[in-house]
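Trainee: Before anything else, here's the structure in question.
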Amino acid sequence: MASSLGTGALAFREARTGVLQQSQDSVINRFRASVDAVAPTIPLAPDRSDLQSAVEQVLYANRSAGWRVRAAYGDHRAQAPDTGFVEPSPELLRSVRGRRAAVFQRMNVDGRPLLVVGMPVTYTSGEDKEPRLSGLVMYLEVPQTTELGYVEAMVSGIERATLVALGLAVVLALLAASGVLRPVRALRRATRRMAAGHLDVRLEVTGSDELADLSQSFNESAAELERTVAELRRLEAQGRRFVADVSHELRTPLAAMSAVTDVLDLEGDGETAEALRLISEGTNRLSGLVNDLMEISRFDAGVAALNRDEIDLAESVRRTVASRWPREGEVELRLPEAGVLRARVDPRRLDVVTANLVGNALRHGRPPVRLTLEVRKEGTGMAWAVLRVTDNGPGIAEDALPHIFERFYKASTSRSRSESSGLGLAITAENVRLHGGRIRAANRPGGGAEFTVELPLHDTDTGIGTGPGPGPGADTDADADAGTAGGTGSGGGTR
């Protein structure tokens, strides 16, 4: 398209220049010939009548050309016809006085194109053959209407030719672009399908150009990626089966060990009692870890199910805290009144969520831990039960926030051998998602961490509550293992 437009513009410019140049040269040559024919009859010091006679002779010799002629010598002026002559511009007058050759200027007067020519008359005398200016200047005004018609005809023809060339250029450009862009579009679609998880996508390879090489490279990369992902999935499935099998196999002997250590704790004394206590604590931690691994295995296998029941959320939370942290002062409850907020949830999993969050806050923060429960409504009409647990500790490192709910993640390497398994918050998040809820962690502006759980309240849920009220506080030992109720949770250990 650019070539077509450029060619059209160049052709117009060259054609216009050629037409005007040819017309200009023809007029100047004829004018020079006419002046040369009349010049010998003009005296060296002509008066006005001599000038009038000269211009009439020049005009008569070219009477069919539509010329207007003027002669100027000193203060004398003569022209034919008598009226309508356009005054030459000052630039033309200055230029013609000091030159021995014709000077021309194109003008446009009232929409009429004109060519104005100024020609000084020269003479030679004696043996001096160098032409001298006589002081007489002849001026010619010629309309260029015919030339303008030629130019307009050229413009029309060039426009038609340019439009045809543009149409052909567009067709060729579309054909060329489609040939190039078709495999590119196919590659883009294949890449999007691969990003969506369809690793079996392949491209059709045709030709032997660079695009064909690119398609072949894409197919090879996709095949290798599919093989690698399949191998990773196989290894991941093996690892999950191994964890599930080991956890299941360890559960029975651990149960027996726990029972034996409970009995021995009652009978030992002195150094024996201390050794038994250490064995008992280790056995309990190992039992908690096995329970956590089994729970994670259920989530991975997709067999974790909800046993929903309509319960009072505030009463359930209150019982969870009271059963684990009976001492007053470390946990502050701000719950709705009994019976105000009811919902269909899995009581055991709600117990795990609450215990894990509170235990995690006590372990890694500073008391008092504040637990609030309230209802929040969105603009769409959807209602959520919002459980919020805050502490007064140092908060969560900013680089740890995105990973806080990942399995076995610990923000500090110094706690890699701590009693926390790093599974508590991961199990909490899985339980929340199983209910269709949301969970997030953040740092409070005034210091400390804040965990927020949002559980959806469906149409069957009742008691969309009023404002929260203060509840009884509960005390706890900061090292207690939270979330072991039902063998499904742990105290977290991810901060």
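Numbering starts fresh at 1 for the residues of each chain in the structure tokens, the chains themselves are lettered A, B, ... in the order given, and ligands are numbered from 1 as they appear.
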Run DSSP on the backbone of this structure and report the residues of stretch 75-321 of chain A it assigns to alpha helix (DSSP H), as a ChimeraX atom specification.
Mentor: /A:90-97,145-195,210-267,271-301,313-321
Trainee: Let's see if you can do this: from backbone DSSP, list all strand (DSSP E) residues in stretch 232-413 of chain A, as a VMD selection string.
Mentor: chain A and resid 309 to 312 331 to 335 342 to 345 369 to 377 383 to 390
Trainee: Quick one: residues within 7 Å of A:Ala426, only C-alpha atoms counted, chain neighbours fewer than 3 positions away excluded, as a PDB file with C-alpha atoms, in the first residue's frame?
Mentor:
ATOM      1  CA  PHE A 405      -0.882 -22.268  54.469  1.00  0.00           C
ATOM      2  CA  GLU A 406       1.557 -24.540  52.638  1.00  0.00           C
ATOM      3  CA  ARG A 407       2.321 -27.971  54.070  1.00  0.00           C
ATOM      4  CA  LEU A 423       0.586 -29.168  58.901  1.00  0.00           C
ATOM      5  CA  ALA A 429      -7.216 -24.256  55.072  1.00  0.00           C
ATOM      6  CA  GLU A 430      -8.371 -27.572  53.595  1.00  0.00           C
TER       7      GLU A 430
END
Trainee: Just to confirm, what's the straight-line distance from atom CA of A:Asn443 to atom CA of A:Ile396 in Å (one decimal)?
Mentor: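 According to the coordinates, atom CA of A:Asn443 and atom CA of A:Ile396 are separated by 6.4 Å.
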Trainee: Return the single residue from A:Ser280, A:Gln79, A:Ser23, A:Thr428 that is closest to A:Thr146, with distances computed using only C-alpha atoms.
Mentor: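 Closest to A:Thr146, using only C-alpha atoms: A:Ser23.
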Trainee: Counting only C-alpha atoms, figure out which residue out of A:Arg444, A:Arg334, A:Arg438, A:Arg160 gets nearest to A:Asp391.
Mentor: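 Closest to A:Asp391, using only C-alpha atoms: A:Arg444.
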Trainee: Do you have the atom CA of A:Gly239-atom CA of A:Gly437 distance handy?
Mentor: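 Taking atom CA of A:Gly239 and atom CA of A:Gly437, their separation equals 28.2 Å.
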Trainee: Quick one: residues within 8 Å of A:Pro143, only C-alpha atoms counted, chain neighbours fewer than 5 positions away excluded, as a list in words?
Mentor: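 The residues satisfying every condition are Gly66, Trp67, Arg112, Pro113, Leu114 and Leu115 of chain A.
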Trainee: Which is closest to A:Tyr139 among A:Ala165, A:Val171, A:Arg99, A:Ala72, if we use only C-alpha atoms?
Mentor: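 Looking only at the distances to A:Tyr139, the closest residue turns out to be A:Ala72.
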Trainee: Using only C-alpha atoms, determine which residues lie at most 10 Å from A:Asn219, disregarding the query and same-chain residues fewer than 5 positions distant; provide the list as a list in words.
Mentor: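 Returned residues: Ala190, Asp200, Val201, Arg202, Leu203, Glu204, Val205, Asp213, Leu214, Glu224 and Leu225 of chain A.
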Trainee: Rounded to one decimal place, report the atom CA of A:Glu236-atom CA of A:Glu295 distance in Å.
Mentor: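 Atom CA of A:Glu295 lies 16.8 Å from atom CA of A:Glu236.
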Trainee: Counting only C-alpha atoms, which of A:Glu231, A:Asp351, A:Glu337, A:Asp300 gets nearest to A:Ser323?
Mentor: A:Asp351
Trainee: May I ask which of the residues A:Leu425, A:Ala80, A:Leu313, A:Leu181 is the closest one to A:Ala343, counting only C-alpha atoms?
Mentor: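 Result for the nearest residue to A:Ala343: A:Leu313.
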Trainee: Which residue is closest to A:Phe242? Choose from A:Leu306, A:Gly84, A:Ser297, A:Asn291 and count only C-alpha atoms.
Mentor: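 Among the listed residues, A:Ser297 lies closest to A:Phe242.
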Trainee: So that I can see what lies close to A:Thr354, please list as an mmCIF file with C-alpha atoms, in the first residue's frame the residues with an atom at most 10 Å from it, counting only C-alpha atoms and leaving out residues fewer than 5 positions away in the same chain.
Mentor:
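Listed below is the output, around-v1.cif:
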data_model
loop_
_atom_site.group_PDB
_atom_site.id
_atom_site.type_symbol
_atom_site.label_atom_id
_atom_site.label_comp_id
_atom_site.auth_asym_id
_atom_site.auth_seq_id
_atom_site.Cartn_x
_atom_site.Cartn_y
_atom_site.Cartn_z
ATOM 1 C CA SER A 316 -19.360 -24.622 69.215
ATOM 2 C CA VAL A 317 -16.477 -22.137 69.313
ATOM 3 C CA ARG A 318 -16.991 -21.560 73.030
ATOM 4 C CA THR A 320 -13.687 -25.722 71.677
ATOM 5 C CA VAL A 321 -11.856 -23.019 73.613
ATOM 6 C CA ARG A 349 -14.016 -29.810 61.285
ATOM 7 C CA GLY A 359 -3.320 -22.829 69.346
ATOM 8 C CA ASN A 360 -1.177 -21.358 66.577
ATOM 9 C CA LEU A 371 -11.409 -14.564 68.943
ATOM 10 C CA LEU A 387 -14.302 -16.035 62.456
ATOM 11 C CA ARG A 388 -11.309 -13.835 63.288
ATOM 12 C CA VAL A 389 -8.342 -14.787 65.509
ATOM 13 C CA THR A 428 -7.195 -25.691 58.595
ATOM 14 C CA VAL A 453 -12.081 -17.482 58.212
ATOM 15 C CA ALA A 482 -4.206 -27.613 69.714
ATOM 16 C CA GLY A 483 -6.465 -29.266 67.201
#
